[in-house]
$ cat data08.txt   # compact mmCIF, C-alpha atoms
# COMPACT_ATOMS: atom_id res chain seq x y z
CA MET S 1 0.00 0.00 0.00
CA PRO S 2 2.73 2.52 -0.87
CA GLY S 3 1.57 6.09 -0.69
CA HIS S 4 -1.49 5.28 1.43
CA MET S 5 -1.77 7.71 4.34
CA MET S 6 -2.27 6.29 7.81
CA GLU S 7 -2.84 8.27 10.98
CA GLY S 8 -1.22 5.63 13.19
CA LEU S 9 1.01 2.67 12.41
CA PRO S 10 1.58 -0.70 14.12
CA GLY S 11 4.20 -0.73 16.82
CA LEU S 12 4.41 3.03 17.23
CA ALA S 13 2.61 4.87 20.00
CA PRO S 14 2.24 8.65 20.05
CA ARG S 15 4.49 10.38 22.54
CA PRO S 16 3.77 13.59 24.44
CA TRP S 17 4.65 16.84 22.71
CA ARG S 18 6.29 19.32 25.07
CA PRO S 19 7.07 22.73 23.56
CA SER S 20 10.74 23.63 23.87
CA PRO S 21 11.72 26.63 26.04
CA LEU S 22 12.19 28.68 22.87
CA LEU S 23 8.68 27.85 21.66
CA GLN S 24 7.21 28.56 25.09
CA ALA S 25 8.88 31.96 25.07
CA SER S 26 7.61 32.55 21.54
CA PHE S 27 4.01 31.74 22.57
CA ALA S 28 4.30 34.10 25.54
CA LEU S 29 5.75 36.88 23.37
CA HIS S 30 2.93 36.64 20.83
CA ALA S 31 0.29 36.67 23.57
CA ALA S 32 1.91 39.69 25.23
CA ALA S 33 2.23 41.51 21.91
CA PHE S 34 -1.46 41.00 21.17
CA GLY S 35 -2.54 42.21 24.60
CA LEU S 36 -0.23 45.21 24.78
CA LEU S 37 -0.95 46.31 21.23
CA THR S 38 -4.61 46.40 22.15
CA ALA S 39 -3.84 48.51 25.22
CA ALA S 40 -1.12 50.71 23.66
CA PRO S 41 -1.37 50.66 19.86
CA ALA S 42 1.26 53.40 19.51
CA ALA S 43 3.93 50.91 20.66
CA TRP S 44 3.42 48.66 17.64
CA PRO S 45 6.88 49.32 16.07
CA TRP S 46 8.62 47.92 19.15
CA TRP S 47 6.48 44.80 19.18
CA ALA S 48 6.90 44.37 15.43
CA TRP S 49 10.67 44.34 15.91
CA ALA S 50 10.38 41.91 18.83
CA LEU S 51 8.20 39.53 16.83
CA ALA S 52 10.52 39.77 13.82
CA ALA S 53 13.50 38.90 16.02
CA ASN S 54 11.57 35.98 17.47
CA HIS S 55 10.74 34.59 14.03
CA LEU S 56 14.34 35.06 12.97
CA ALA S 57 15.46 32.98 15.96
CA LEU S 58 12.94 30.24 15.12
CA THR S 59 14.12 30.21 11.51
CA GLY S 60 17.74 30.01 12.63
CA MET S 61 16.98 26.98 14.81
CA GLY S 62 15.29 25.28 11.87
CA LEU S 63 18.25 25.95 9.58
CA TRP S 64 20.70 24.47 12.11
CA PRO S 65 20.28 20.67 11.75
CA ARG S 66 21.90 19.89 15.11
CA SER S 67 19.82 22.37 17.07
CA ARG S 68 17.50 21.31 19.88
CA GLY S 69 15.83 24.71 19.97
CA LEU S 70 12.63 23.42 18.34
CA GLY S 71 12.45 20.14 20.24
CA PRO S 72 14.27 16.86 20.95
CA ASN S 73 16.95 15.92 18.44
CA TRP S 74 19.36 12.99 18.47
CA VAL S 75 22.78 14.52 17.77
CA ARG S 76 24.50 11.76 19.77
CA LEU S 77 23.47 8.38 21.11
CA PRO S 78 21.89 8.48 24.57
CA ALA S 79 24.33 7.83 27.41
CA ALA S 80 22.74 4.46 28.20
CA ALA S 81 23.65 3.18 24.72
CA ALA S 82 26.79 5.13 23.93
CA ALA S 83 29.48 3.07 25.68
CA GLY S 84 31.62 1.44 22.99
CA HIS S 85 29.13 2.29 20.24
CA ILE S 86 28.68 4.70 17.36
CA ALA S 87 25.86 4.99 14.82
CA ILE S 88 26.44 5.17 11.07
CA THR S 89 23.47 6.71 9.27
CA ILE S 90 23.14 6.55 5.49
CA ASP S 91 20.78 8.90 3.64
CA ASP S 92 18.94 9.33 0.34
CA GLY S 93 18.73 5.70 -0.83
CA PRO S 94 18.15 3.06 -1.70
CA ASP S 95 20.29 3.24 -4.85
CA PRO S 96 20.89 0.00 -6.79
CA ARG S 97 24.28 1.31 -7.97
CA VAL S 98 25.57 1.93 -4.44
CA THR S 99 23.49 0.32 -1.68
CA PRO S 100 24.48 -3.33 -2.42
CA GLY S 101 28.17 -2.43 -2.10
CA VAL S 102 27.48 -0.60 1.17
CA LEU S 103 25.68 -3.66 2.55
CA ASP S 104 28.57 -5.94 1.60
CA LEU S 105 31.10 -3.68 3.34
CA LEU S 106 28.99 -3.47 6.49
CA GLN S 107 28.61 -7.25 6.54
CA ARG S 108 32.36 -7.71 6.15
CA TRP S 109 32.92 -5.64 9.30
CA ASP S 110 29.90 -7.04 11.18
CA ALA S 111 28.61 -3.48 11.50
CA ARG S 112 25.02 -2.24 11.62
CA ALA S 113 23.71 0.99 10.09
CA SER S 114 20.52 3.04 9.91
CA PHE S 115 19.41 3.77 6.34
CA PHE S 116 17.25 6.90 6.07
CA CYS S 117 15.37 5.98 2.90
CA ILE S 118 13.25 8.15 0.62
CA GLY S 119 9.79 6.64 0.31
CA ALA S 120 9.53 7.07 -3.47
CA ALA S 121 12.99 5.51 -3.98
CA ALA S 122 12.01 2.60 -1.75
CA GLU S 123 8.90 2.03 -3.86
CA ARG S 124 11.12 1.81 -6.96
CA HIS S 125 13.55 -0.59 -5.28
CA PRO S 126 11.62 -2.50 -2.60
CA ASP S 127 13.99 -5.47 -2.81
CA LEU S 128 16.88 -3.29 -1.63
CA CYS S 129 14.95 -2.07 1.41
CA GLN S 130 14.01 -5.63 2.25
CA GLU S 131 17.66 -6.68 1.91
CA ILE S 132 18.72 -3.84 4.24
CA VAL S 133 16.44 -5.23 6.95
CA ARG S 134 17.32 -8.87 6.19
CA ARG S 135 20.98 -8.08 6.89
CA GLY S 136 20.20 -6.65 10.30
CA HIS S 137 20.10 -2.94 9.55
CA ALA S 138 17.28 -0.44 10.07
CA VAL S 139 15.24 1.48 7.51
CA GLU S 140 14.22 4.93 8.74
CA ASN S 141 12.04 7.75 7.36
CA HIS S 142 13.65 10.41 5.13
CA THR S 143 10.40 11.83 3.67
CA GLN S 144 8.44 10.50 0.73
CA ARG S 145 9.87 12.72 -2.04
CA HIS S 146 12.97 14.40 -0.54
CA ASP S 147 11.66 17.83 -1.48
CA HIS S 148 14.34 20.48 -0.95
CA HIS S 149 11.64 22.91 0.23
CA PHE S 150 10.50 20.59 3.04
CA ALA S 151 11.45 23.14 5.73
CA THR S 152 9.00 25.65 4.23
CA PHE S 153 6.00 23.28 4.31
CA GLY S 154 2.96 24.01 6.43
CA PRO S 155 1.80 21.44 9.00
CA ARG S 156 -0.62 19.56 6.74
CA ARG S 157 1.78 19.14 3.84
CA MET S 158 4.64 18.24 6.19
CA ALA S 159 2.53 15.65 8.00
CA ARG S 160 1.38 14.15 4.70
CA GLU S 161 4.97 13.83 3.45
CA ILE S 162 6.02 12.02 6.63
CA ARG S 163 2.94 9.76 6.78
CA GLU S 164 3.29 8.70 3.15
CA ALA S 165 6.93 7.72 3.64
CA GLN S 166 6.08 5.95 6.89
CA SER S 167 3.34 3.99 5.14
CA SER S 168 5.53 3.11 2.14
CA LEU S 169 8.52 1.97 4.19
CA THR S 170 6.37 -0.02 6.63
CA ALA S 171 4.55 -1.79 3.80
CA ILE S 172 7.85 -2.71 2.11
CA THR S 173 9.86 -3.83 5.14
CA GLY S 174 7.15 -4.91 7.57
CA ARG S 175 8.73 -2.67 10.22
CA PRO S 176 7.66 0.91 10.94
CA PRO S 177 10.57 3.36 11.09
CA ARG S 178 11.28 4.80 14.51
CA PHE S 179 13.35 7.78 13.40
CA PHE S 180 12.89 10.67 10.99
CA ARG S 181 15.41 12.94 9.31
CA PRO S 182 14.19 15.86 7.17
CA THR S 183 15.75 16.77 3.85
CA ALA S 184 19.21 18.24 4.56
CA GLY S 185 18.24 18.22 8.25
CA LEU S 186 16.25 21.46 7.80
CA ARG S 187 12.90 21.95 9.50
CA ASN S 188 10.48 24.41 11.10
CA PRO S 189 8.46 24.52 14.36
CA PHE S 190 5.65 22.40 12.87
CA LEU S 191 7.82 19.26 12.73
CA GLU S 192 8.12 18.15 16.35
CA PRO S 193 4.35 18.01 17.10
CA ILE S 194 3.89 15.91 13.94
CA LEU S 195 6.67 13.51 14.92
CA ALA S 196 5.24 13.21 18.44
CA ARG S 197 1.83 12.22 17.05
CA GLN S 198 3.48 9.59 14.85
CA GLY S 199 5.72 8.28 17.64
CA LEU S 200 8.84 9.19 15.67
CA HIS S 201 12.14 10.67 16.90
CA LEU S 202 14.14 13.33 15.09
CA ALA S 203 17.75 12.32 14.40
CA SER S 204 20.52 14.49 13.00
CA TRP S 205 24.22 13.74 13.46
CA THR S 206 27.39 14.48 15.38
CA ARG S 207 29.45 15.02 12.24
CA ARG S 208 29.16 14.58 8.49
CA GLY S 209 31.58 14.26 5.58
CA PHE S 210 29.59 16.23 2.96
CA ASP S 211 29.95 13.20 0.69
CA THR S 212 27.24 14.32 -1.74
CA ARG S 213 29.55 17.02 -3.08
CA ASN S 214 33.00 16.26 -1.64
CA ARG S 215 34.83 14.03 -4.13
CA ASP S 216 37.90 13.55 -1.93
CA PRO S 217 37.57 10.36 0.18
CA ASP S 218 40.53 11.38 2.35
CA ASP S 219 38.84 14.65 3.32
CA VAL S 220 35.49 12.94 3.94
CA LEU S 221 37.19 10.38 6.17
CA ARG S 222 39.07 13.09 8.05
CA ARG S 223 35.83 14.97 8.78
CA LEU S 224 34.16 11.81 10.06
CA THR S 225 37.01 10.52 12.22
CA LEU S 226 38.38 13.77 13.68
CA GLY S 227 37.63 13.33 17.37
CA LEU S 228 35.61 10.16 16.74
CA ALA S 229 34.29 8.91 20.08
CA ALA S 230 31.67 6.67 21.62
CA GLY S 231 28.14 7.98 21.11
CA ASP S 232 28.85 9.74 17.81
CA ILE S 233 26.26 9.67 15.02
CA LEU S 234 27.89 9.86 11.58
CA LEU S 235 26.24 10.82 8.29
CA LEU S 236 27.02 9.32 4.87
CA HIS S 237 24.99 8.92 1.66
CA ASP S 238 24.27 6.00 -0.65
CA GLY S 239 21.81 8.09 -2.67
CA HIS S 240 23.13 11.22 -4.40
CA ALA S 241 26.66 10.05 -3.57
CA ALA S 242 29.53 12.06 -5.00
CA ARG S 243 32.01 10.16 -7.17
CA THR S 244 35.76 10.07 -6.77
CA PRO S 245 37.87 11.16 -9.76
CA SER S 246 37.96 7.48 -10.78
CA GLY S 247 34.14 7.27 -10.70
CA GLU S 248 33.74 5.28 -7.46
CA PRO S 249 30.96 6.37 -5.07
CA VAL S 250 32.69 8.20 -2.23
CA ILE S 251 30.88 6.19 0.44
CA LEU S 252 32.37 2.95 -0.92
CA ALA S 253 35.86 4.44 -0.78
CA VAL S 254 35.36 5.83 2.74
CA LEU S 255 33.36 3.17 4.56
CA PRO S 256 36.04 0.44 4.90
CA ARG S 257 38.54 2.93 6.33
CA LEU S 258 35.91 4.44 8.62
CA LEU S 259 34.99 1.03 10.02
CA GLU S 260 38.66 0.21 10.46
CA ALA S 261 39.22 3.48 12.34
CA ALA S 262 36.20 2.78 14.57
CA ALA S 263 37.42 -0.75 15.34
CA ALA S 264 40.86 0.61 16.23
CA ARG S 265 39.16 2.81 18.84
CA GLY S 266 37.13 -0.11 20.19
CA LEU S 267 33.88 1.25 18.72
CA LYS S 268 31.12 -0.87 17.20
CA ALA S 269 28.48 0.50 14.82
CA VAL S 270 24.88 -0.07 15.94
CA THR S 271 21.51 1.08 14.67
CA LEU S 272 19.67 4.03 16.17
CA CYS S 273 16.77 1.68 16.88
CA SER S 274 18.94 -0.63 19.00
CA ALA S 275 20.30 2.41 20.85
CA LEU S 276 16.74 3.57 21.52
CA CYS S 277 15.81 0.13 22.88
CA SER S 278 18.85 0.18 25.16
CA ALA S 279 17.92 3.64 26.43
CA LEU S 280 14.31 2.59 27.09
CA ARG S 281 15.41 -0.57 28.92
CA SER S 282 17.76 1.50 31.06
CA ALA S 283 15.01 4.03 31.83
CA ARG S 284 12.61 1.24 32.83
CA GLY S 285 15.28 -0.27 35.06
CA GLU S 286 15.91 3.06 36.76
CA ARG S 287 12.21 3.60 37.34
CA GLY S 288 11.92 0.08 38.71
CA ALA S 289 14.82 0.71 41.06
CA ASP S 290 13.16 3.94 42.25
CA THR S 291 10.04 2.02 43.27
CA LYS S 292 11.89 -0.58 45.37
CA PRO S 293 11.72 -0.17 49.14

$ encode --input "data08.txt" --output "structure tokens"
Amino acid sequence: MPGHMMEGLPGLAPRPWRPSPLLQASFALHAAAFGLLTAAPAAWPWWAWALAANHLALTGMGLWPRSRGLGPNWVRLPAAAAAGHIAITIDDGPDPRVTPGVLDLLQRWDARASFFCIGAAAERHPDLCQEIVRRGHAVENHTQRHDHHFATFGPRRMAREIREAQSSLTAITGRPPRFFRPTAGLRNPFLEPILARQGLHLASWTRRGFDTRNRDPDDVLRRLTLGLAAGDILLLHDGHAARTPSGEPVILAVLPRLLEAAAARGLKAVTLCSALCSALRSARGERGADTKP
């Protein structure tokens, strides 16, 4: 049932939406502006400037992929899952020219990755998504169409784009994605309430190699491994991958060396989903301990 919109999906429960401190301050500012403009209309230029500054701050948070100003955002693995682990996330696929090679390299190193797949691409190559899951990796939600204007969408269009991808990927793999990453990591304040209703978690990254436009594998590897430590979330691309001067997808040139560097530091690559499960188990254990006499 690719493309069919569903309000809720199996295995995912809505989570509470709690406005971030920045959004709470924004709500309060708008309410104050409305009330004071009614009482003192001559002061409107000051409130116009204040509201403009507020909207500029909200826009800035949305244009900063690693920001938590608009709500929760996985920029690192939670502490309960971070020890000895990193997460490798791979965006924009599946791509039949690249993804099979990525899967073979991951298997060679006994590493797991989270593939943020585009719904429409998954519909064109369902066998690749199924193979990703069969090999022990996770398929996550990277929108249905990968529209570069995603961050400008209103709430209805944004929710539809996420629901359609969620439906497509669930139908293909049999497993609902647990994580969402917007196009280029850009978003607006409408996103977090939508993700909360769908039971999804926003994930960005600790560092990226810019491998969609950087053709130098050495530079991409340097960006990914500089300061590499437990808990890091790394970003690579199988879709829209840049090519080396010899024509090889950059991710295929970088991934073996990245996995070797991680192993040398005693780090194992795990999926975001497994990290989430570890964090939830730890939280349940802590709550259970709190209730003991």

$ residues_around --input "data08.txt" --residues "range 258-264 of chain S" --least-positions-apart "2" --cutoff "9 Å" --atoms "all atoms listed in the file" --output "ChimeraX atom specification"
/S:86,106,109,111,221,224-225,228-229,254-256,266-269

$ closest_residue --input "data08.txt" --among "S:Ala122, S:Ala138, S:Leu280, S:Leu235" --to "Ser168 in chain S" --atoms "all atoms listed in the file"
S:Ala122

$ atom_distance --input "data08.txt" --atom1 "CA of Arg68 in chain S" --atom2 "CA of Ala83 in chain S"
22.6 Å

$ closest_residue --input "data08.txt" --among "S:Leu236, S:Leu191, S:Val139, S:Val102" --to "Arg156 in chain S" --atoms "all atoms listed in the file"
S:Leu191

$ residues_around --input "data08.txt" --residues "range 238-252 of chain S" --least-positions-apart "2" --cutoff "7 Å" --atoms "all atoms listed in the file" --output "list of chain:residue names"
S:Ile90, S:Asp91, S:Asp92, S:Gly93, S:Pro94, S:Asp95, S:Val98, S:Thr99, S:Gly101, S:Val102, S:Asp211, S:Thr212, S:Arg213, S:Asn214, S:Arg215, S:Asp216, S:Pro217, S:Leu236, S:Val254, S:Leu255

$ closest_residue --input "data08.txt" --among "S:Ile88, S:Leu103, S:Ala80, S:Ile233" --to "Arg281 in chain S" --atoms "all atoms listed in the file"
S:Ala80

$ closest_residue --input "data08.txt" --among "S:Gly154, S:Pro182, S:Gly231, S:Pro45" --to "Leu77 in chain S" --atoms "only C-alpha atoms"
S:Gly231

$ atom_distance --input "data08.txt" --atom1 "CA of His148 in chain S" --atom2 "CA of Glu131 in chain S"
27.5 Å

$ residues_near_point --input "data08.txt" --point "(3.8, 9.7, 22.6)" --cutoff "12 Å" --atoms "all atoms listed in the file" --output "CSV table (one decimal) with C-alpha atoms, in the coordinates of the input"
chain,number,residue,atom,x,y,z
S,8,GLY,CA,-1.2,5.6,13.2
S,11,GLY,CA,4.2,-0.7,16.8
S,12,LEU,CA,4.4,3.0,17.2
S,13,ALA,CA,2.6,4.9,20.0
S,14,PRO,CA,2.2,8.6,20.0
S,15,ARG,CA,4.5,10.4,22.5
S,16,PRO,CA,3.8,13.6,24.4
S,17,TRP,CA,4.6,16.8,22.7
S,18,ARG,CA,6.3,19.3,25.1
S,192,GLU,CA,8.1,18.2,16.4
S,193,PRO,CA,4.4,18.0,17.1
S,194,ILE,CA,3.9,15.9,13.9
S,195,LEU,CA,6.7,13.5,14.9
S,196,ALA,CA,5.2,13.2,18.4
S,197,ARG,CA,1.8,12.2,17.0
S,198,GLN,CA,3.5,9.6,14.8
S,199,GLY,CA,5.7,8.3,17.6
S,200,LEU,CA,8.8,9.2,15.7
S,201,HIS,CA,12.1,10.7,16.9

$ closest_residue --input "data08.txt" --among "S:Ala87, S:Ala151, S:Leu169, S:Ala159" --to "Glu123 in chain S" --atoms "only C-alpha atoms"
S:Leu169

$ atom_distance --input "data08.txt" --atom1 "CA of Ile118 in chain S" --atom2 "CA of Thr143 in chain S"
5.6 Å

$ closest_residue --input "data08.txt" --among "S:Gly136, S:Pro126, S:Gly69, S:Gly84" --to "Ser26 in chain S" --atoms "only C-alpha atoms"
S:Gly69

$ residues_near_point --input "data08.txt" --point "(19.0, 23.6, 15.1)" --cutoff "12 Å" --atoms "only C-alpha atoms" --output "VMD selection string"
chain S and resid 22 57 to 75 184 to 189 202 to 205
